[in-house]
file entry29.pdb (PDB, C-alpha atoms)
ATOM      1  CA  MET I   1    -333.439-145.333  -0.549  1.00  0.00           C
ATOM      2  CA  LEU I   2    -333.502-147.420  -3.690  1.00  0.00           C
ATOM      3  CA  ASP I   3    -336.340-149.721  -4.659  1.00  0.00           C
ATOM      4  CA  GLU I   4    -335.843-153.316  -5.819  1.00  0.00           C
ATOM      5  CA  LYS I   5    -335.977-152.394  -9.514  1.00  0.00           C
ATOM      6  CA  ALA I   6    -333.240-149.782  -9.122  1.00  0.00           C
ATOM      7  CA  ILE I   7    -331.097-152.257  -7.147  1.00  0.00           C
ATOM      8  CA  GLU I   8    -331.496-154.869  -9.912  1.00  0.00           C
ATOM      9  CA  LYS I   9    -330.340-152.319 -12.517  1.00  0.00           C
ATOM     10  CA  LEU I  10    -327.284-151.550 -10.382  1.00  0.00           C
ATOM     11  CA  LYS I  11    -326.521-155.275 -10.093  1.00  0.00           C
ATOM     12  CA  GLU I  12    -326.742-155.634 -13.878  1.00  0.00           C
ATOM     13  CA  LYS I  13    -324.374-152.723 -14.365  1.00  0.00           C
ATOM     14  CA  TYR I  14    -321.836-153.377 -11.570  1.00  0.00           C
ATOM     15  CA  GLY I  15    -322.189-157.064 -10.727  1.00  0.00           C
ATOM     16  CA  ASN I  16    -322.101-157.376  -6.957  1.00  0.00           C
ATOM     17  CA  VAL I  17    -323.722-154.500  -5.102  1.00  0.00           C
ATOM     18  CA  LEU I  18    -322.897-154.132  -1.423  1.00  0.00           C
ATOM     19  CA  LYS I  19    -325.578-152.905   0.961  1.00  0.00           C
ATOM     20  CA  LEU I  20    -323.927-151.144   3.882  1.00  0.00           C
ATOM     21  CA  THR I  21    -326.089-150.097   6.810  1.00  0.00           C
ATOM     22  CA  SER I  22    -325.266-148.127   9.942  1.00  0.00           C
ATOM     23  CA  ASP I  23    -325.456-149.818  13.337  1.00  0.00           C
ATOM     24  CA  ASP I  24    -328.715-148.048  14.181  1.00  0.00           C
ATOM     25  CA  GLN I  25    -330.173-148.937  10.728  1.00  0.00           C
ATOM     26  CA  SER I  26    -330.825-145.250   9.993  1.00  0.00           C
ATOM     27  CA  THR I  27    -328.375-144.932   7.083  1.00  0.00           C
ATOM     28  CA  THR I  28    -327.972-147.271   4.129  1.00  0.00           C
ATOM     29  CA  ALA I  29    -325.620-146.989   1.179  1.00  0.00           C
ATOM     30  CA  TYR I  30    -325.265-149.168  -1.884  1.00  0.00           C
ATOM     31  CA  CYS I  31    -321.712-149.570  -3.138  1.00  0.00           C
ATOM     32  CA  LYS I  32    -319.889-151.385  -5.912  1.00  0.00           C
ATOM     33  CA  LYS I  33    -316.777-153.340  -5.093  1.00  0.00           C
ATOM     34  CA  PRO I  34    -313.665-151.228  -5.621  1.00  0.00           C
ATOM     35  CA  SER I  35    -311.701-151.781  -8.803  1.00  0.00           C
ATOM     36  CA  PHE I  36    -308.007-152.555  -8.685  1.00  0.00           C
ATOM     37  CA  THR I  37    -307.209-148.966  -9.760  1.00  0.00           C
ATOM     38  CA  THR I  38    -309.391-147.559  -6.982  1.00  0.00           C
ATOM     39  CA  PHE I  39    -307.678-149.833  -4.464  1.00  0.00           C
ATOM     40  CA  LEU I  40    -304.222-148.703  -5.646  1.00  0.00           C
ATOM     41  CA  ASN I  41    -305.282-145.063  -5.256  1.00  0.00           C
ATOM     42  CA  TYR I  42    -306.586-145.909  -1.787  1.00  0.00           C
ATOM     43  CA  GLN I  43    -303.186-147.390  -0.906  1.00  0.00           C
ATOM     44  CA  LYS I  44    -301.288-144.319  -2.095  1.00  0.00           C
ATOM     45  CA  ARG I  45    -303.493-142.087   0.040  1.00  0.00           C
ATOM     46  CA  TYR I  46    -303.342-144.455   3.018  1.00  0.00           C
ATOM     47  CA  LYS I  47    -299.625-143.786   3.516  1.00  0.00           C
ATOM     48  CA  ASP I  48    -300.228-140.070   4.039  1.00  0.00           C
ATOM     49  CA  ASN I  49    -303.629-140.046   5.697  1.00  0.00           C
ATOM     50  CA  PRO I  50    -305.521-143.269   6.508  1.00  0.00           C
ATOM     51  CA  HIS I  51    -308.675-141.333   7.429  1.00  0.00           C
ATOM     52  CA  GLU I  52    -308.820-139.585   4.044  1.00  0.00           C
ATOM     53  CA  ALA I  53    -307.948-142.826   2.231  1.00  0.00           C
ATOM     54  CA  ILE I  54    -310.928-144.657   3.720  1.00  0.00           C
ATOM     55  CA  LEU I  55    -313.237-141.743   2.897  1.00  0.00           C
ATOM     56  CA  PHE I  56    -311.859-141.772  -0.670  1.00  0.00           C
ATOM     57  CA  LEU I  57    -312.548-145.512  -0.994  1.00  0.00           C
ATOM     58  CA  PHE I  58    -316.142-145.067   0.154  1.00  0.00           C
ATOM     59  CA  GLN I  59    -316.771-142.075  -2.112  1.00  0.00           C
ATOM     60  CA  GLU I  60    -315.367-143.920  -5.142  1.00  0.00           C
ATOM     61  CA  CYS I  61    -317.586-146.949  -4.557  1.00  0.00           C
ATOM     62  CA  VAL I  62    -320.870-145.472  -3.336  1.00  0.00           C
ATOM     63  CA  LEU I  63    -323.578-145.605  -6.000  1.00  0.00           C
ATOM     64  CA  GLU I  64    -325.939-143.029  -4.493  1.00  0.00           C
ATOM     65  CA  LYS I  65    -324.300-139.639  -4.236  1.00  0.00           C
ATOM     66  CA  GLU I  66    -325.797-138.336  -1.001  1.00  0.00           C
ATOM     67  CA  ASN I  67    -324.397-136.545   2.011  1.00  0.00           C
ATOM     68  CA  TYR I  68    -323.262-139.174   4.479  1.00  0.00           C
ATOM     69  CA  GLU I  69    -321.786-138.592   7.916  1.00  0.00           C
ATOM     70  CA  ASP I  70    -318.012-139.090   8.174  1.00  0.00           C
ATOM     71  CA  GLU I  71    -318.447-141.755  10.837  1.00  0.00           C
ATOM     72  CA  PHE I  72    -320.713-143.803   8.551  1.00  0.00           C
ATOM     73  CA  MET I  73    -318.367-143.371   5.564  1.00  0.00           C
ATOM     74  CA  LEU I  74    -315.366-144.520   7.642  1.00  0.00           C
ATOM     75  CA  SER I  75    -317.272-147.511   8.964  1.00  0.00           C
ATOM     76  CA  ALA I  76    -318.517-148.448   5.482  1.00  0.00           C
ATOM     77  CA  GLY I  77    -315.025-148.002   4.000  1.00  0.00           C
ATOM     78  CA  ASN I  78    -313.567-150.271   6.672  1.00  0.00           C
ATOM     79  CA  SER I  79    -316.286-152.826   5.907  1.00  0.00           C
ATOM     80  CA  MET I  80    -315.285-152.776   2.221  1.00  0.00           C
ATOM     81  CA  ILE I  81    -311.652-153.371   3.169  1.00  0.00           C
ATOM     82  CA  GLN I  82    -312.701-156.341   5.312  1.00  0.00           C
ATOM     83  CA  MET I  83    -314.706-157.721   2.374  1.00  0.00           C
ATOM     84  CA  ILE I  84    -311.657-157.401   0.128  1.00  0.00           C
ATOM     85  CA  GLN I  85    -309.654-159.415   2.651  1.00  0.00           C
ATOM     86  CA  LYS I  86    -312.348-162.106   2.746  1.00  0.00           C
ATOM     87  CA  ASP I  87    -312.428-162.280  -1.085  1.00  0.00           C
ATOM     88  CA  SER I  88    -308.914-163.644  -1.026  1.00  0.00           C
ATOM     89  CA  GLU I  89    -308.234-167.189   0.142  1.00  0.00           C
ATOM     90  CA  PHE I  90    -304.703-166.232   1.064  1.00  0.00           C
ATOM     91  CA  THR I  91    -304.096-163.657   3.788  1.00  0.00           C
ATOM     92  CA  ILE I  92    -303.418-160.155   2.563  1.00  0.00           C
ATOM     93  CA  ASN I  93    -302.336-156.979   4.215  1.00  0.00           C
ATOM     94  CA  THR I  94    -304.706-154.090   3.441  1.00  0.00           C
ATOM     95  CA  THR I  95    -301.695-151.851   2.922  1.00  0.00           C
ATOM     96  CA  PRO I  96    -299.187-154.049   1.064  1.00  0.00           C
ATOM     97  CA  GLN I  97    -296.385-152.563  -0.933  1.00  0.00           C
ATOM     98  CA  GLN I  98    -297.478-151.145  -4.277  1.00  0.00           C
ATOM     99  CA  ASP I  99    -294.754-153.202  -5.955  1.00  0.00           C
ATOM    100  CA  GLU I 100    -296.513-156.415  -4.874  1.00  0.00           C
ATOM    101  CA  PHE I 101    -299.691-155.304  -6.633  1.00  0.00           C
ATOM    102  CA  LYS I 102    -297.792-154.372  -9.772  1.00  0.00           C
ATOM    103  CA  LYS I 103    -296.190-157.818  -9.859  1.00  0.00           C
ATOM    104  CA  SER I 104    -299.582-159.427  -9.345  1.00  0.00           C
ATOM    105  CA  ALA I 105    -301.119-157.262 -12.058  1.00  0.00           C
ATOM    106  CA  ALA I 106    -298.346-158.231 -14.475  1.00  0.00           C
ATOM    107  CA  LEU I 107    -298.876-161.908 -13.700  1.00  0.00           C
ATOM    108  CA  ILE I 108    -302.634-161.620 -14.333  1.00  0.00           C
ATOM    109  CA  ARG I 109    -302.079-159.667 -17.546  1.00  0.00           C
ATOM    110  CA  GLN I 110    -299.600-162.269 -18.825  1.00  0.00           C
ATOM    111  CA  ALA I 111    -301.695-165.292 -17.856  1.00  0.00           C
ATOM    112  CA  PHE I 112    -305.148-164.081 -18.920  1.00  0.00           C
ATOM    113  CA  GLN I 113    -304.616-161.114 -21.305  1.00  0.00           C
ATOM    114  CA  VAL I 114    -306.961-158.843 -19.320  1.00  0.00           C
ATOM    115  CA  ASP I 115    -306.436-155.388 -17.857  1.00  0.00           C
ATOM    116  CA  PRO I 116    -306.135-156.106 -14.125  1.00  0.00           C
ATOM    117  CA  TYR I 117    -306.611-152.439 -13.249  1.00  0.00           C
ATOM    118  CA  GLN I 118    -310.257-152.595 -14.377  1.00  0.00           C
ATOM    119  CA  LEU I 119    -311.127-155.714 -12.381  1.00  0.00           C
ATOM    120  CA  PRO I 120    -313.126-155.629  -9.151  1.00  0.00           C
ATOM    121  CA  MET I 121    -310.934-156.667  -6.220  1.00  0.00           C
ATOM    122  CA  ASP I 122    -312.679-160.023  -5.700  1.00  0.00           C
ATOM    123  CA  GLU I 123    -312.106-160.943  -9.354  1.00  0.00           C
ATOM    124  CA  PHE I 124    -308.501-159.688  -9.117  1.00  0.00           C
ATOM    125  CA  TYR I 125    -307.800-162.066  -6.218  1.00  0.00           C
ATOM    126  CA  LYS I 126    -309.484-164.996  -7.964  1.00  0.00           C
ATOM    127  CA  LEU I 127    -307.348-164.431 -11.064  1.00  0.00           C
ATOM    128  CA  ILE I 128    -304.105-163.943  -9.123  1.00  0.00           C
ATOM    129  CA  GLU I 129    -304.766-167.199  -7.300  1.00  0.00           C
ATOM    130  CA  GLU I 130    -305.311-168.989 -10.625  1.00  0.00           C
ATOM    131  CA  ALA I 131    -302.254-167.324 -12.171  1.00  0.00           C
ATOM    132  CA  LEU I 132    -300.088-168.407  -9.236  1.00  0.00           C
ATOM    133  CA  TRP I 133    -301.399-171.961  -9.589  1.00  0.00           C
ATOM    134  CA  LEU I 134    -300.590-171.919 -13.325  1.00  0.00           C
ATOM    135  CA  GLN I 135    -297.136-170.564 -12.606  1.00  0.00           C
ATOM    136  CA  LYS I 136    -296.470-173.294 -10.026  1.00  0.00           C
ATOM    137  CA  HIS I 137    -297.824-175.956 -12.413  1.00  0.00           C
ATOM    138  CA  ASN I 138    -295.542-174.735 -15.221  1.00  0.00           C
ATOM    139  CA  GLU I 139    -292.537-174.685 -12.883  1.00  0.00           C
ATOM    140  CA  THR I 140    -293.301-178.265 -11.829  1.00  0.00           C
ATOM    141  CA  ARG I 141    -293.527-179.358 -15.483  1.00  0.00           C
ATOM    142  CA  LEU I 142    -290.222-177.633 -16.241  1.00  0.00           C
ATOM    143  CA  GLU I 143    -288.616-179.250 -13.208  1.00  0.00           C
ATOM    144  CA  ASN I 144    -289.822-182.693 -14.336  1.00  0.00           C
ATOM    145  CA  THR I 145    -288.437-182.034 -17.824  1.00  0.00           C
ATOM    146  CA  PHE I 146    -285.029-181.162 -16.381  1.00  0.00           C
ATOM    147  CA  ILE I 147    -285.031-184.253 -14.166  1.00  0.00           C
ATOM    148  CA  THR I 148    -285.829-186.463 -17.162  1.00  0.00           C
ATOM    149  CA  ALA I 149    -283.198-184.760 -19.334  1.00  0.00           C
ATOM    150  CA  PHE I 150    -280.501-185.102 -16.655  1.00  0.00           C
ATOM    151  CA  ALA I 151    -281.453-188.737 -16.031  1.00  0.00           C
ATOM    152  CA  LYS I 152    -281.134-189.542 -19.728  1.00  0.00           C
ATOM    153  CA  THR I 153    -277.885-187.597 -20.066  1.00  0.00           C
ATOM    154  CA  PHE I 154    -276.157-189.187 -17.099  1.00  0.00           C
ATOM    155  CA  SER I 155    -277.503-192.703 -17.648  1.00  0.00           C
ATOM    156  CA  ASN I 156    -275.647-193.010 -20.967  1.00  0.00           C
TER     157      ASN I 156
END
call {"tool": "encode", "arguments": {"input": "entry29.pdb", "output": "structure tokens"}}
result
Amino acid sequence: MLDEKAIEKLKEKYGNVLKLTSDDQSTTAYCKKPSFTTFLNYQKRYKDNPHEAILFLFQECVLEKENYEDEFMLSAGNSMIQMIQKDSEFTINTTPQQDEFKKSAALIRQAFQVDPYQLPMDEFYKLIEEALWLQKHNETRLENTFITAFAKTFSN
């Protein structure tokens, strides 16, 4: 079990630190939020073996390398997936097509010049939401420009 000083150091290093505790309060694990790359690897594994994919997600994010029971790791991994869903204002499927994530990553990269594969999932969803808003705003501006141009062209 980590003391408060160790937890503060983890927060400085990783940002948000998740405290996951078993139902009977006997087991506690501290985890970082999964990065976009980790989540993509989780998705690839999920297709073949959901059980192994959830264990992989937990093992990639846990900050204390201890021996945990499989049941706890599965429960904690599922909790992380639920947190990822809550981080997004729009509804997501925990196993969407990889192509959708690649499109989203490209949109983030183009809009903000950051590597989306290194972002924590909550930050990824915040940026994709902003990028989609920017894209819609730009499309609206372009549409208004076309309307004005057509109006001027056909009014003469």
call {"tool": "residues_around", "arguments": {"input": "entry29.pdb", "residues": "I:Asp70", "least_positions_apart": "3", "cutoff": "8 Å", "atoms": "only C-alpha atoms", "output": "VMD selection string"}}
result
chain I and resid 55 73 to 74
call {"tool": "closest_residue", "arguments": {"input": "entry29.pdb", "among": "I:Thr153, I:Gln59, I:Ser75, I:Asn67", "to": "I:Asp23", "atoms": "all atoms listed in the file"}}
result
I:Ser75
call {"tool": "residues_around", "arguments": {"input": "entry29.pdb", "residues": "stretch 103-107 of chain I", "least_positions_apart": "6", "cutoff": "7 Å", "atoms": "only C-alpha atoms", "output": "MDAnalysis selection string"}}
result
chainID I and resid 116 128 131
call {"tool": "write_last_selection", "arguments": {"input": "entry29.pdb", "atoms": "C-alpha atoms", "output": "PDB file, keeping the file's coordinate frame"}}
result
ATOM      1  CA  PRO I 116    -306.135-156.106 -14.125  1.00  0.00           C
ATOM      2  CA  ILE I 128    -304.105-163.943  -9.123  1.00  0.00           C
ATOM      3  CA  ALA I 131    -302.254-167.324 -12.171  1.00  0.00           C
TER       4      ALA I 131
END
call {"tool": "closest_residue", "arguments": {"input": "entry29.pdb", "among": "I:Phe146, I:Tyr125, I:Phe154, I:Phe39", "to": "I:Lys86", "atoms": "all atoms listed in the file"}}
result
I:Tyr125
call {"tool": "residues_around", "arguments": {"input": "entry29.pdb", "residues": "I:Ile108", "least_positions_apart": "5", "cutoff": "12 Å", "atoms": "only C-alpha atoms", "output": "ChimeraX atom specification"}}
result
/I:36,101-103,113-119,123-135
call {"tool": "atom_distance", "arguments": {"input": "entry29.pdb", "atom1": "atom CA of I:Pro34", "atom2": "atom CA of I:Pro120"}}
result
5.7 Å
call {"tool": "resolve_selection", "arguments": {"input": "entry29.pdb", "expression": "the PyMOL selection byres ((chain I and resi 63) around 7)", "output": "PDB file with C-alpha atoms, in the coordinates of the input"}}
result
ATOM      1  CA  TYR I  30    -325.265-149.168  -1.884  1.00  0.00           C
ATOM      2  CA  CYS I  31    -321.712-149.570  -3.138  1.00  0.00           C
ATOM      3  CA  LYS I  32    -319.889-151.385  -5.912  1.00  0.00           C
ATOM      4  CA  CYS I  61    -317.586-146.949  -4.557  1.00  0.00           C
ATOM      5  CA  VAL I  62    -320.870-145.472  -3.336  1.00  0.00           C
ATOM      6  CA  GLU I  64    -325.939-143.029  -4.493  1.00  0.00           C
ATOM      7  CA  LYS I  65    -324.300-139.639  -4.236  1.00  0.00           C
TER       8      LYS I  65
END
call {"tool": "residues_around", "arguments": {"input": "entry29.pdb", "residues": "I:Arg45", "least_positions_apart": "4", "cutoff": "12 Å", "atoms": "only C-alpha atoms", "output": "list in words"}}
result
Thr38, Phe39, Leu40, Asn41, Asn49, Pro50, His51, Glu52, Ala53, Ile54, Leu55, Phe56, Leu57, Thr95 and Gln98 of chain I
call {"tool": "atom_distance", "arguments": {"input": "entry29.pdb", "atom1": "atom CA of I:Ala29", "atom2": "atom CA of I:Tyr42"}}
result
19.3 Å
call {"tool": "build_atoms", "arguments": {"input": "entry29.pdb", "residues": "stretch 124-150 of chain I", "atoms": "N, CA and C atoms", "output": "compact mmCIF listing (two decimals), in the coordinates of the input"}}
result
# COMPACT_ATOMS: atom_id res chain seq x y z
N PHE I 124 -309.96 -159.80 -9.08
CA PHE I 124 -308.50 -159.69 -9.12
C PHE I 124 -307.87 -160.81 -8.29
N TYR I 125 -308.38 -161.03 -7.07
CA TYR I 125 -307.80 -162.07 -6.22
C TYR I 125 -308.06 -163.47 -6.75
N LYS I 126 -309.22 -163.68 -7.36
CA LYS I 126 -309.48 -165.00 -7.96
C LYS I 126 -308.49 -165.26 -9.09
N LEU I 127 -308.27 -164.24 -9.94
CA LEU I 127 -307.35 -164.43 -11.06
C LEU I 127 -305.90 -164.56 -10.61
N ILE I 128 -305.49 -163.82 -9.58
CA ILE I 128 -304.10 -163.94 -9.12
C ILE I 128 -303.89 -165.33 -8.53
N GLU I 129 -304.89 -165.85 -7.85
CA GLU I 129 -304.77 -167.20 -7.30
C GLU I 129 -304.61 -168.23 -8.43
N GLU I 130 -305.42 -168.08 -9.48
CA GLU I 130 -305.31 -168.99 -10.62
C GLU I 130 -303.98 -168.82 -11.34
N ALA I 131 -303.53 -167.58 -11.50
CA ALA I 131 -302.25 -167.32 -12.17
C ALA I 131 -301.09 -167.92 -11.39
N LEU I 132 -301.14 -167.81 -10.06
CA LEU I 132 -300.09 -168.41 -9.24
C LEU I 132 -300.10 -169.93 -9.35
N TRP I 133 -301.31 -170.52 -9.41
CA TRP I 133 -301.40 -171.96 -9.59
C TRP I 133 -300.80 -172.37 -10.93
N LEU I 134 -301.15 -171.62 -12.00
CA LEU I 134 -300.59 -171.92 -13.32
C LEU I 134 -299.07 -171.80 -13.32
N GLN I 135 -298.58 -170.77 -12.67
CA GLN I 135 -297.14 -170.56 -12.61
C GLN I 135 -296.46 -171.74 -11.89
N LYS I 136 -297.03 -172.16 -10.77
CA LYS I 136 -296.47 -173.29 -10.03
C LYS I 136 -296.54 -174.57 -10.87
N HIS I 137 -297.66 -174.78 -11.56
CA HIS I 137 -297.82 -175.96 -12.41
C HIS I 137 -296.77 -175.97 -13.53
N ASN I 138 -296.55 -174.83 -14.15
CA ASN I 138 -295.54 -174.74 -15.22
C ASN I 138 -294.13 -174.97 -14.69
N GLU I 139 -293.85 -174.46 -13.48
CA GLU I 139 -292.54 -174.68 -12.88
C GLU I 139 -292.33 -176.16 -12.58
N THR I 140 -293.38 -176.83 -12.12
CA THR I 140 -293.30 -178.26 -11.83
C THR I 140 -293.05 -179.05 -13.12
N ARG I 141 -293.74 -178.69 -14.19
CA ARG I 141 -293.53 -179.36 -15.48
C ARG I 141 -292.10 -179.15 -15.96
N LEU I 142 -291.59 -177.93 -15.82
CA LEU I 142 -290.22 -177.63 -16.24
C LEU I 142 -289.23 -178.42 -15.40
N GLU I 143 -289.48 -178.49 -14.11
CA GLU I 143 -288.62 -179.25 -13.21
C GLU I 143 -288.59 -180.73 -13.60
N ASN I 144 -289.75 -181.29 -13.91
CA ASN I 144 -289.82 -182.69 -14.34
C ASN I 144 -289.08 -182.91 -15.66
N THR I 145 -289.16 -181.94 -16.55
CA THR I 145 -288.44 -182.03 -17.82
C THR I 145 -286.94 -182.05 -17.58
N PHE I 146 -286.46 -181.20 -16.70
CA PHE I 146 -285.03 -181.16 -16.38
C PHE I 146 -284.58 -182.48 -15.74
N ILE I 147 -285.38 -182.99 -14.83
CA ILE I 147 -285.03 -184.25 -14.17
C ILE I 147 -284.91 -185.37 -15.20
N THR I 148 -285.86 -185.43 -16.11
CA THR I 148 -285.83 -186.46 -17.16
C THR I 148 -284.61 -186.28 -18.06
N ALA I 149 -284.34 -185.03 -18.46
CA ALA I 149 -283.20 -184.76 -19.33
C ALA I 149 -281.88 -185.12 -18.65
N PHE I 150 -281.73 -184.75 -17.38
CA PHE I 150 -280.50 -185.10 -16.66
C PHE I 150 -280.37 -186.61 -16.49
